[in-house]
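**Student:** Could you have a look at this structure, given as structure tokens, before my questions?
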Amino acid sequence: MTDNDLEEQPPADYTPENHGAERPKRPRPKKFIVNASGHNGPPAKRKKKTAPAFVQPPIRIAPELIAEFAQRVRYVPKSMNYYARYAVANVIFKSPGAFDYPEEDLWNAIGRWNSSLRGISSIEGVTDRHHGWEHVQRLRAALARAANDPALQSKVKWKHNQFIAAVLLALDNGLESFFRNHPDGLMTPDEVAGMAPLPNVEGLQDHWLFKKPKSKPIPAGEAEPAPDFLPAPEEIAARRARGPQMPALFGGTKRAKAE
């Protein structure tokens with residue numbers, strides 16, 4: 001057998017099926033990166049860059065605005081206590097940085113945090129000697145309660161809620177400093193106890209502090225959305241179908257016996 005006969009021989013992996021077909025390319029060997037320890041290993045996974053969490057800087061409210069709020073919102077009857085909420089909202093609208101958020105969103109959030117304290121008549125540490133200051137402290141208490149609630153913690157971190165919390169903190173500290181220098185701006189013990197008549201509060205709506213903010217419009221044909229603080233309608237229906245329950249002895253719950 002000559003050398004020419006050897007060259008004309010088919011390759012060792014010859015089959016009629018792959019005759020004439022292109023041979024697959026060999027995969028290139030993976031290039032490994034030398035680790036800090038000097039050993040070869042797989043390439044390190046690149047971490048995705050995440051945007052840093054938003055942190056609201058402190059806010060400084062003008063002393064003139066704090067003084068006007070302290071003098072105007074001292075007396076608000078319980079039947080008209082929504083005027084105190086109007087005044088707090090209008091101070092927030094006048095605070096530095098408020099132009100970054102729509103007024104409707106801020107007003108909607110203030111109403112939701114206020115409604116989360118519905119049914120709670122008194123809170124420890126909240127004053128009762130100034131109706132406006134009382135409402136500021138109640139809103140701060142609502143945000144503090146939500147920050148410790150796993151279901152509401154994410155909502156407290158929203159930008160507009162952080163802004164509201166920063167303004168309430170500045171307003172609370174400003175009012176505390178104002179009343180430290182002007183203790184006569186607070187209600188007397190007799191007025192708090194209802195033993196002395198409160199001054200006439202007619203014409204509150206004429207002042208800009210007590211102007212009702214614009215509410216967020218609801219699209220035509222849509223119902224008003226349920227508050228975020230309540231469970232979903234499906235969960236409420238499931239609870240009603242499940243009926244009352246009582247704690248079990250070793251954890252969990254069990255259905256209460258029908259009387």
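Residue numbering restarts at 1 for every chain of the structure tokens, chains are lettered A, B, ... in their displayed order, and ligands are numbered from 1 as they appear.
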Give me, as a ChimeraX atom specification, all polymer residues having an atom no more than 10 Å from range 133-141 of chain A, counting only C-alpha atoms and skipping those fewer than 5 positions away in the same chain.

**Tutor:** /A:69-70,73-74,81-82,84-85,87-89,110-117,120,122-128,146-147,164-169,171-172,175-176,186

**Student:** Among range 23-156 of chain A, which ones does DSSP place in strand (DSSP E), written as a list in words?

**Tutor:**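 Across range 23-156 of chain A, those assigned strand (DSSP E) are Ile33, Val34, Asn40 and Gly41 of chain A.
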
**Student:** In Å, with one decimal, what is the gap from CA of Ala144 in chain A to CA of Pro96 in chain A?

**Tutor:** 22.5 Å

**Student:** From a backbone DSSP assignment, name each residue in range 23-137 of chain A labelled helix (DSSP H, G or I), as a ChimeraX atom specification.

**Tutor:** /A:63-72,78-80,82-93,98-100,103-115,131-137

**Student:** Report the distance between CA of Gly132 in chain A and CA of Lys157 in chain A in Å, rounded to one decimal place.

**Tutor:** 25.3 Å
